[in-house]
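**Q** As input, take structure.cif (mmCIF, N, CA, C and O atoms and all ligand atoms):
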data_upload
#
loop_
_atom_site.label_atom_id
_atom_site.label_comp_id
_atom_site.auth_asym_id
_atom_site.auth_seq_id
_atom_site.Cartn_x
_atom_site.Cartn_y
_atom_site.Cartn_z
N MET A 1400 -3.59 -8.94 14.92
CA MET A 1400 -3.47 -8.32 13.61
C MET A 1400 -2.40 -7.23 13.65
O MET A 1400 -2.22 -6.56 14.64
N ARG A 1401 -1.72 -7.08 12.52
CA ARG A 1401 -0.61 -6.15 12.45
C ARG A 1401 -0.84 -5.21 11.28
O ARG A 1401 -1.05 -5.64 10.15
N ILE A 1402 -0.85 -3.91 11.56
CA ILE A 1402 -1.09 -2.90 10.52
C ILE A 1402 0.20 -2.13 10.29
O ILE A 1402 0.80 -1.60 11.23
N LYS A 1403 0.63 -2.06 9.04
CA LYS A 1403 1.87 -1.35 8.71
C LYS A 1403 1.56 0.00 8.11
O LYS A 1403 0.60 0.16 7.36
N GLN A 1404 2.39 0.96 8.45
CA GLN A 1404 2.22 2.31 7.92
C GLN A 1404 3.59 2.90 7.62
O GLN A 1404 4.53 2.77 8.40
N LYS A 1405 3.69 3.54 6.48
CA LYS A 1405 4.94 4.22 6.12
C LYS A 1405 4.95 5.61 6.73
O LYS A 1405 4.00 6.38 6.56
N ILE A 1406 6.01 5.94 7.42
CA ILE A 1406 6.15 7.26 8.02
C ILE A 1406 7.56 7.79 7.74
O ILE A 1406 8.39 7.10 7.17
N TYR A 1407 7.79 9.00 8.18
CA TYR A 1407 9.14 9.54 8.15
C TYR A 1407 9.76 9.41 9.53
O TYR A 1407 9.11 9.71 10.54
N CYS A 1408 10.99 8.99 9.58
CA CYS A 1408 11.69 8.80 10.84
C CYS A 1408 11.82 10.13 11.59
O CYS A 1408 12.30 11.11 11.02
N PRO A 1409 11.42 10.18 12.86
CA PRO A 1409 11.58 11.40 13.65
C PRO A 1409 13.03 11.68 14.02
O PRO A 1409 13.36 12.78 14.46
N ASN A 1410 13.88 10.70 13.82
CA ASN A 1410 15.28 10.85 14.17
C ASN A 1410 16.12 11.36 12.99
O ASN A 1410 16.87 12.32 13.13
N CYS A 1411 15.96 10.73 11.81
CA CYS A 1411 16.82 11.08 10.68
C CYS A 1411 16.04 11.59 9.47
O CYS A 1411 16.62 12.09 8.52
N GLY A 1412 14.70 11.44 9.46
CA GLY A 1412 13.89 11.97 8.38
C GLY A 1412 13.77 11.08 7.16
O GLY A 1412 13.10 11.43 6.19
N ASN A 1413 14.40 9.92 7.18
CA ASN A 1413 14.25 8.98 6.08
C ASN A 1413 12.98 8.14 6.25
O ASN A 1413 12.28 8.25 7.25
N ASN A 1414 12.73 7.31 5.25
CA ASN A 1414 11.55 6.46 5.32
C ASN A 1414 11.66 5.45 6.46
O ASN A 1414 12.66 4.73 6.57
N ALA A 1415 10.65 5.42 7.30
CA ALA A 1415 10.61 4.48 8.40
C ALA A 1415 9.26 3.78 8.38
O ALA A 1415 8.43 4.02 7.50
N GLN A 1416 9.05 2.92 9.34
CA GLN A 1416 7.85 2.10 9.34
C GLN A 1416 7.22 2.07 10.73
O GLN A 1416 7.93 2.03 11.74
N ARG A 1417 5.91 2.13 10.75
CA ARG A 1417 5.19 2.02 12.02
C ARG A 1417 4.28 0.80 11.97
O ARG A 1417 3.54 0.62 11.02
N ASP A 1418 4.38 -0.02 12.96
CA ASP A 1418 3.55 -1.23 13.04
C ASP A 1418 2.59 -1.12 14.21
O ASP A 1418 3.00 -0.82 15.34
N TYR A 1419 1.34 -1.39 13.94
CA TYR A 1419 0.34 -1.45 15.00
C TYR A 1419 0.02 -2.91 15.29
O TYR A 1419 -0.46 -3.62 14.42
N PHE A 1420 0.30 -3.31 16.51
CA PHE A 1420 -0.08 -4.66 16.93
C PHE A 1420 -1.38 -4.55 17.70
O PHE A 1420 -1.40 -4.21 18.88
N THR A 1421 -2.49 -4.81 17.01
CA THR A 1421 -3.80 -4.54 17.61
C THR A 1421 -4.12 -5.48 18.76
O THR A 1421 -4.88 -5.13 19.64
N ARG A 1422 -3.53 -6.65 18.76
CA ARG A 1422 -3.87 -7.62 19.80
C ARG A 1422 -3.37 -7.18 21.17
O ARG A 1422 -4.08 -7.26 22.16
N ASN A 1423 -2.12 -6.68 21.23
CA ASN A 1423 -1.60 -6.27 22.53
C ASN A 1423 -1.44 -4.75 22.65
O ASN A 1423 -0.78 -4.26 23.55
N LYS A 1424 -2.05 -4.01 21.71
CA LYS A 1424 -2.15 -2.55 21.81
C LYS A 1424 -0.78 -1.87 21.82
O LYS A 1424 -0.53 -0.95 22.57
N ILE A 1425 0.12 -2.38 20.98
CA ILE A 1425 1.48 -1.83 20.93
C ILE A 1425 1.73 -1.18 19.58
O ILE A 1425 1.30 -1.69 18.55
N VAL A 1426 2.39 -0.05 19.60
CA VAL A 1426 2.81 0.63 18.38
C VAL A 1426 4.33 0.64 18.34
O VAL A 1426 4.98 1.09 19.29
N GLN A 1427 4.89 0.15 17.25
CA GLN A 1427 6.34 0.13 17.12
C GLN A 1427 6.76 0.97 15.93
O GLN A 1427 6.25 0.79 14.82
N THR A 1428 7.67 1.89 16.17
CA THR A 1428 8.23 2.71 15.10
C THR A 1428 9.68 2.32 14.92
O THR A 1428 10.44 2.31 15.88
N SER A 1429 10.05 1.97 13.69
CA SER A 1429 11.43 1.56 13.46
C SER A 1429 11.94 2.14 12.16
O SER A 1429 11.22 2.27 11.19
N CYS A 1430 13.22 2.49 12.17
CA CYS A 1430 13.86 3.06 11.00
C CYS A 1430 15.08 2.22 10.64
O CYS A 1430 15.99 2.07 11.45
N PRO A 1431 15.11 1.65 9.43
CA PRO A 1431 16.25 0.85 9.02
C PRO A 1431 17.49 1.67 8.71
O PRO A 1431 18.60 1.16 8.67
N THR A 1432 17.32 2.97 8.49
CA THR A 1432 18.44 3.82 8.12
C THR A 1432 19.32 4.16 9.31
O THR A 1432 20.54 4.09 9.25
N CYS A 1433 18.71 4.54 10.42
CA CYS A 1433 19.51 4.98 11.57
C CYS A 1433 19.33 4.11 12.80
O CYS A 1433 19.81 4.44 13.88
N ASP A 1434 18.59 3.00 12.68
CA ASP A 1434 18.35 2.08 13.80
C ASP A 1434 17.48 2.67 14.90
O ASP A 1434 17.51 2.20 16.02
N TYR A 1435 16.72 3.70 14.56
CA TYR A 1435 15.80 4.27 15.53
C TYR A 1435 14.73 3.25 15.88
O TYR A 1435 14.19 2.55 15.01
N LEU A 1436 14.39 3.17 17.15
CA LEU A 1436 13.33 2.26 17.57
C LEU A 1436 12.53 2.90 18.70
O LEU A 1436 13.09 3.45 19.66
N MET A 1437 11.21 2.86 18.57
CA MET A 1437 10.34 3.35 19.62
C MET A 1437 9.15 2.41 19.74
O MET A 1437 8.47 2.12 18.75
N VAL A 1438 8.91 1.91 20.95
CA VAL A 1438 7.77 1.03 21.18
C VAL A 1438 6.86 1.68 22.22
O VAL A 1438 7.29 2.00 23.33
N ASN A 1439 5.62 1.94 21.82
CA ASN A 1439 4.66 2.60 22.68
C ASN A 1439 3.45 1.69 22.94
O ASN A 1439 3.06 0.92 22.08
N CYS A 1440 2.84 1.87 24.09
CA CYS A 1440 1.51 1.32 24.31
C CYS A 1440 0.50 2.30 23.72
O CYS A 1440 0.51 3.48 24.06
N SER A 1441 -0.36 1.82 22.82
CA SER A 1441 -1.29 2.72 22.14
C SER A 1441 -2.43 3.15 23.05
O SER A 1441 -3.14 4.10 22.75
N LEU A 1442 -2.64 2.49 24.15
CA LEU A 1442 -3.69 2.89 25.09
C LEU A 1442 -3.25 4.02 26.00
O LEU A 1442 -3.95 5.01 26.18
N THR A 1443 -2.06 3.89 26.56
CA THR A 1443 -1.59 4.85 27.55
C THR A 1443 -0.57 5.83 26.98
O THR A 1443 -0.29 6.86 27.59
N GLY A 1444 0.01 5.51 25.82
CA GLY A 1444 1.06 6.34 25.26
C GLY A 1444 2.40 6.14 25.93
O GLY A 1444 3.38 6.79 25.59
N LYS A 1445 2.43 5.22 26.88
CA LYS A 1445 3.65 4.96 27.62
C LYS A 1445 4.73 4.37 26.71
O LYS A 1445 4.45 3.50 25.89
N VAL A 1446 5.96 4.84 26.88
CA VAL A 1446 7.07 4.32 26.10
C VAL A 1446 7.59 3.04 26.75
O VAL A 1446 8.01 3.04 27.91
N LEU A 1447 7.54 1.96 26.01
CA LEU A 1447 8.00 0.68 26.54
C LEU A 1447 9.48 0.45 26.23
O LEU A 1447 10.19 -0.17 27.00
N GLU A 1448 9.89 0.96 25.06
CA GLU A 1448 11.28 0.78 24.66
C GLU A 1448 11.62 1.88 23.67
O GLU A 1448 10.81 2.22 22.82
N ALA A 1449 12.81 2.46 23.80
CA ALA A 1449 13.20 3.51 22.88
C ALA A 1449 14.69 3.43 22.62
O ALA A 1449 15.47 3.18 23.53
N TYR A 1450 15.05 3.66 21.38
CA TYR A 1450 16.46 3.67 21.03
C TYR A 1450 16.67 4.60 19.85
O TYR A 1450 16.06 4.43 18.80
N ALA A 1451 17.46 5.63 20.05
CA ALA A 1451 17.78 6.54 18.96
C ALA A 1451 19.28 6.79 19.00
O ALA A 1451 19.79 7.40 19.93
N PRO A 1452 20.00 6.30 18.02
CA PRO A 1452 21.46 6.37 18.04
C PRO A 1452 22.01 7.78 17.89
O PRO A 1452 21.80 8.42 16.87
N GLY A 1453 22.61 8.28 18.93
CA GLY A 1453 23.44 9.46 18.80
C GLY A 1453 22.75 10.81 18.86
O GLY A 1453 23.21 11.70 19.54
N VAL A 1454 21.64 10.98 18.20
CA VAL A 1454 21.16 12.32 17.90
C VAL A 1454 20.60 13.04 19.12
O VAL A 1454 20.96 14.18 19.39
N PHE A 1455 19.72 12.39 19.87
CA PHE A 1455 19.23 13.06 21.07
C PHE A 1455 19.22 12.11 22.28
O PHE A 1455 18.20 11.78 22.84
N PRO A 1456 20.38 11.69 22.72
CA PRO A 1456 20.46 10.74 23.83
C PRO A 1456 19.96 11.32 25.15
O PRO A 1456 19.60 10.58 26.05
N SER A 1457 19.88 12.64 25.27
CA SER A 1457 19.42 13.24 26.51
C SER A 1457 17.95 12.97 26.77
O SER A 1457 17.47 13.11 27.89
N LEU A 1458 17.20 12.60 25.74
CA LEU A 1458 15.79 12.32 25.92
C LEU A 1458 15.54 10.91 26.41
O LEU A 1458 14.43 10.58 26.81
N LEU A 1459 16.55 10.06 26.37
CA LEU A 1459 16.32 8.66 26.71
C LEU A 1459 16.66 8.38 28.16
O LEU A 1459 17.42 9.10 28.77
ZN ZN A 1501 16.00 7.13 11.07
#
What does this structure look like when you write it as structure tokens?

**A**
Amino acid sequence: MRIKQKIYCPNCGNNAQRDYFTRNKIVQTSCPTCDYLMVNCSLTGKVLEAYAPGVFPSLL
């Protein structure tokens, strides 16, 4: 099952989207405005994949 939630992008502040994939316990945050992408495991909080163009590359 996939649950969608509207959020604000942590990178650019525009409207972004968070998807919960309940079957494999993954949370994906994506922003169509700045191509921000963050994929987390919802159990451990571990970052599986992250991409934020330009703004804070030192965190990646
Ligand atoms: Zn963004």

**Q** Residues of chain A within 8 Å of ligand ZN 1501 (chain A): nearest atom pair and distance (Å, one decimal) for each, counting all atoms listed in the file, sorted by chain and number, as JSON lines?

**A**
{"residue": "A:Tyr1407", "atom": "C", "partner": "A:ZN1501", "partner_atom": "ZN", "distance": 6.8}
{"residue": "A:Cys1408", "atom": "CA", "partner": "A:ZN1501", "partner_atom": "ZN", "distance": 4.6}
{"residue": "A:Pro1409", "atom": "N", "partner": "A:ZN1501", "partner_atom": "ZN", "distance": 5.8}
{"residue": "A:Asn1410", "atom": "C", "partner": "A:ZN1501", "partner_atom": "ZN", "distance": 4.6}
{"residue": "A:Cys1411", "atom": "N", "partner": "A:ZN1501", "partner_atom": "ZN", "distance": 3.7}
{"residue": "A:Gly1412", "atom": "N", "partner": "A:ZN1501", "partner_atom": "ZN", "distance": 4.8}
{"residue": "A:Asn1413", "atom": "N", "partner": "A:ZN1501", "partner_atom": "ZN", "distance": 5.0}
{"residue": "A:Asn1414", "atom": "O", "partner": "A:ZN1501", "partner_atom": "ZN", "distance": 6.1}
{"residue": "A:Ala1415", "atom": "CA", "partner": "A:ZN1501", "partner_atom": "ZN", "distance": 6.6}
{"residue": "A:Ser1429", "atom": "C", "partner": "A:ZN1501", "partner_atom": "ZN", "distance": 6.5}
{"residue": "A:Cys1430", "atom": "CA", "partner": "A:ZN1501", "partner_atom": "ZN", "distance": 4.6}
{"residue": "A:Pro1431", "atom": "N", "partner": "A:ZN1501", "partner_atom": "ZN", "distance": 5.8}
{"residue": "A:Thr1432", "atom": "C", "partner": "A:ZN1501", "partner_atom": "ZN", "distance": 4.8}
{"residue": "A:Cys1433", "atom": "N", "partner": "A:ZN1501", "partner_atom": "ZN", "distance": 3.8}
{"residue": "A:Asp1434", "atom": "N", "partner": "A:ZN1501", "partner_atom": "ZN", "distance": 5.1}
{"residue": "A:Tyr1435", "atom": "N", "partner": "A:ZN1501", "partner_atom": "ZN", "distance": 4.9}
{"residue": "A:Leu1436", "atom": "N", "partner": "A:ZN1501", "partner_atom": "ZN", "distance": 7.4}

**Q** Report the distance between atom N of Leu1442 (chain A) and atom N of Ile1425 (chain A) in Å, rounded to one decimal place.

**A**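 Atom N of Leu1442 (chain A) sits 6.4 Å away from atom N of Ile1425 (chain A).
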
**Q** So the first atom is atom O of Arg1422 (chain A) and the second is atom N of Ser1441 (chain A); what is the distance between them in Å, to one decimal place?

**A** 9.8 Å

**Q** Using DSSP secondary structure from the backbone, list all strand (DSSP E) positions within chain A, as a list in words.

**A**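 Answer for chain A, restricted to strand (DSSP E): Arg1401, Ile1402, Lys1403, Gln1404, Lys1405, Ile1406, Tyr1407, Asn1414, Ala1415, Gln1416, Arg1417, Asp1418, Tyr1419, Phe1420, Ile1425, Val1426, Gln1427, Thr1428, Ser1429, Leu1436, Met1437, Val1438, Asn1439, Cys1440, Val1446, Leu1447, Glu1448, Ala1449 and Tyr1450 of chain A.
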
**Q** To one decimal in Å, tell me the separation between atom N of Lys1424 (chain A) and CA of Pro1452 (chain A).

**A** 26.0 Å

**Q** For Val1426 (chain A), which residue among A:Gly1444, A:Gly1453, A:Lys1403, A:Val1438 is the nearest when counting all atoms listed in the file?

**A**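 Result for the nearest residue to Val1426 (chain A): A:Val1438.
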
**Q** The residues within 4.5 Å of (8.5, 2.3, 13.6), using all atoms listed in the file and the coordinates of the file, should be reported as an mmCIF file with N, CA, C and O atoms, in the coordinates of the input; which are they?

**A**
data_model
loop_
_atom_site.group_PDB
_atom_site.id
_atom_site.type_symbol
_atom_site.label_atom_id
_atom_site.label_comp_id
_atom_site.auth_asym_id
_atom_site.auth_seq_id
_atom_site.Cartn_x
_atom_site.Cartn_y
_atom_site.Cartn_z
ATOM 1 N N GLN A 1416 9.050 2.920 9.340
ATOM 2 C CA GLN A 1416 7.850 2.100 9.340
ATOM 3 C C GLN A 1416 7.220 2.070 10.730
ATOM 4 O O GLN A 1416 7.930 2.030 11.740
ATOM 5 N N ARG A 1417 5.910 2.130 10.750
ATOM 6 C CA ARG A 1417 5.190 2.020 12.020
ATOM 7 C C ARG A 1417 4.280 0.800 11.970
ATOM 8 O O ARG A 1417 3.540 0.620 11.020
ATOM 9 N N GLN A 1427 4.890 0.150 17.250
ATOM 10 C CA GLN A 1427 6.340 0.130 17.120
ATOM 11 C C GLN A 1427 6.760 0.970 15.930
ATOM 12 O O GLN A 1427 6.250 0.790 14.820
ATOM 13 N N THR A 1428 7.670 1.890 16.170
ATOM 14 C CA THR A 1428 8.230 2.710 15.100
ATOM 15 C C THR A 1428 9.680 2.320 14.920
ATOM 16 O O THR A 1428 10.440 2.310 15.880
ATOM 17 N N SER A 1429 10.050 1.970 13.690
ATOM 18 C CA SER A 1429 11.430 1.560 13.460
ATOM 19 C C SER A 1429 11.940 2.140 12.160
ATOM 20 O O SER A 1429 11.220 2.270 11.190
#

**Q** Considering only C-alpha atoms, state which residue in the set A:Glu1448, A:Ile1406, A:Cys1440, A:Met1400 is at the smallest distance from Phe1420 (chain A).

**A**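 For Phe1420 (chain A), the nearest of the given residues is A:Met1400.
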
**Q** Axis-aligned box over every listed atom of region 1406-1419 of chain A, padded by 8 Å per side: centre and edges in Å to one decimal, as AutoDock Vina command-line options?

**A**
--center_x 8.2 --center_y 4.6 --center_z 10.3 --size_x 33.3 --size_y 32.4 --size_z 26.1

**Q** Generate all heavy atoms for region 1407-1418 of chain A and emit them as an mmCIF file, in the frame of the given file.

**A**
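Final output, rebuild-v8.cif:
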data_model
loop_
_atom_site.group_PDB
_atom_site.id
_atom_site.type_symbol
_atom_site.label_atom_id
_atom_site.label_comp_id
_atom_site.auth_asym_id
_atom_site.auth_seq_id
_atom_site.Cartn_x
_atom_site.Cartn_y
_atom_site.Cartn_z
ATOM 1 N N TYR A 1407 7.790 9.000 8.180
ATOM 2 C CA TYR A 1407 9.140 9.540 8.150
ATOM 3 C C TYR A 1407 9.760 9.410 9.530
ATOM 4 O O TYR A 1407 9.110 9.710 10.540
ATOM 5 C CB TYR A 1407 9.140 11.000 7.694
ATOM 6 C CG TYR A 1407 8.758 11.156 6.237
ATOM 7 C CD1 TYR A 1407 7.509 11.629 5.868
ATOM 8 C CD2 TYR A 1407 9.662 10.801 5.240
ATOM 9 C CE1 TYR A 1407 7.155 11.750 4.537
ATOM 10 C CE2 TYR A 1407 9.322 10.915 3.907
ATOM 11 C CZ TYR A 1407 8.069 11.391 3.556
ATOM 12 O OH TYR A 1407 7.726 11.501 2.233
ATOM 13 N N CYS A 1408 10.990 8.990 9.580
ATOM 14 C CA CYS A 1408 11.690 8.800 10.840
ATOM 15 C C CYS A 1408 11.820 10.130 11.590
ATOM 16 O O CYS A 1408 12.300 11.110 11.020
ATOM 17 C CB CYS A 1408 13.064 8.217 10.556
ATOM 18 S SG CYS A 1408 14.091 8.078 12.010
ATOM 19 N N PRO A 1409 11.420 10.180 12.860
ATOM 20 C CA PRO A 1409 11.580 11.400 13.650
ATOM 21 C C PRO A 1409 13.030 11.680 14.020
ATOM 22 O O PRO A 1409 13.360 12.780 14.460
ATOM 23 C CB PRO A 1409 10.737 11.113 14.898
ATOM 24 C CG PRO A 1409 10.695 9.637 14.991
ATOM 25 C CD PRO A 1409 10.751 9.111 13.591
ATOM 26 N N ASN A 1410 13.880 10.700 13.820
ATOM 27 C CA ASN A 1410 15.280 10.850 14.170
ATOM 28 C C ASN A 1410 16.120 11.360 12.990
ATOM 29 O O ASN A 1410 16.870 12.320 13.130
ATOM 30 C CB ASN A 1410 15.817 9.506 14.676
ATOM 31 C CG ASN A 1410 17.188 9.635 15.293
ATOM 32 O OD1 ASN A 1410 17.459 10.598 15.996
ATOM 33 N ND2 ASN A 1410 18.038 8.685 15.040
ATOM 34 N N CYS A 1411 15.960 10.730 11.810
ATOM 35 C CA CYS A 1411 16.820 11.080 10.680
ATOM 36 C C CYS A 1411 16.040 11.590 9.470
ATOM 37 O O CYS A 1411 16.620 12.090 8.520
ATOM 38 C CB CYS A 1411 17.694 9.892 10.291
ATOM 39 S SG CYS A 1411 16.774 8.569 9.475
ATOM 40 N N GLY A 1412 14.700 11.440 9.460
ATOM 41 C CA GLY A 1412 13.890 11.970 8.380
ATOM 42 C C GLY A 1412 13.770 11.080 7.160
ATOM 43 O O GLY A 1412 13.100 11.430 6.190
ATOM 44 N N ASN A 1413 14.400 9.920 7.180
ATOM 45 C CA ASN A 1413 14.250 8.980 6.080
ATOM 46 C C ASN A 1413 12.980 8.140 6.250
ATOM 47 O O ASN A 1413 12.280 8.250 7.250
ATOM 48 C CB ASN A 1413 15.477 8.068 6.003
ATOM 49 C CG ASN A 1413 16.672 8.771 5.398
ATOM 50 O OD1 ASN A 1413 16.650 9.179 4.248
ATOM 51 N ND2 ASN A 1413 17.727 8.927 6.191
ATOM 52 N N ASN A 1414 12.730 7.310 5.250
ATOM 53 C CA ASN A 1414 11.550 6.460 5.320
ATOM 54 C C ASN A 1414 11.660 5.450 6.460
ATOM 55 O O ASN A 1414 12.660 4.730 6.570
ATOM 56 C CB ASN A 1414 11.350 5.705 4.014
ATOM 57 C CG ASN A 1414 10.890 6.610 2.896
ATOM 58 O OD1 ASN A 1414 10.082 7.512 3.130
ATOM 59 N ND2 ASN A 1414 11.388 6.387 1.707
ATOM 60 N N ALA A 1415 10.650 5.420 7.300
ATOM 61 C CA ALA A 1415 10.610 4.480 8.400
ATOM 62 C C ALA A 1415 9.260 3.780 8.380
ATOM 63 O O ALA A 1415 8.430 4.020 7.500
ATOM 64 C CB ALA A 1415 10.825 5.204 9.727
ATOM 65 N N GLN A 1416 9.050 2.920 9.340
ATOM 66 C CA GLN A 1416 7.850 2.100 9.340
ATOM 67 C C GLN A 1416 7.220 2.070 10.730
ATOM 68 O O GLN A 1416 7.930 2.030 11.740
ATOM 69 C CB GLN A 1416 8.232 0.670 8.939
ATOM 70 C CG GLN A 1416 7.065 -0.290 8.902
ATOM 71 C CD GLN A 1416 7.514 -1.628 8.370
ATOM 72 O OE1 GLN A 1416 7.968 -1.755 7.247
ATOM 73 N NE2 GLN A 1416 7.403 -2.643 9.201
ATOM 74 N N ARG A 1417 5.910 2.130 10.750
ATOM 75 C CA ARG A 1417 5.190 2.020 12.020
ATOM 76 C C ARG A 1417 4.280 0.800 11.970
ATOM 77 O O ARG A 1417 3.540 0.620 11.020
ATOM 78 C CB ARG A 1417 4.362 3.303 12.239
ATOM 79 C CG ARG A 1417 3.581 3.324 13.528
ATOM 80 C CD ARG A 1417 3.106 4.725 13.840
ATOM 81 N NE ARG A 1417 4.224 5.562 14.291
ATOM 82 C CZ ARG A 1417 4.162 6.885 14.387
ATOM 83 N NH1 ARG A 1417 3.077 7.526 14.035
ATOM 84 N NH2 ARG A 1417 5.198 7.558 14.826
ATOM 85 N N ASP A 1418 4.380 -0.020 12.960
ATOM 86 C CA ASP A 1418 3.550 -1.230 13.040
ATOM 87 C C ASP A 1418 2.590 -1.120 14.210
ATOM 88 O O ASP A 1418 3.000 -0.820 15.340
ATOM 89 C CB ASP A 1418 4.437 -2.473 13.253
ATOM 90 C CG ASP A 1418 5.307 -2.761 12.039
ATOM 91 O OD1 ASP A 1418 4.738 -3.045 10.989
ATOM 92 O OD2 ASP A 1418 6.537 -2.669 12.163
#
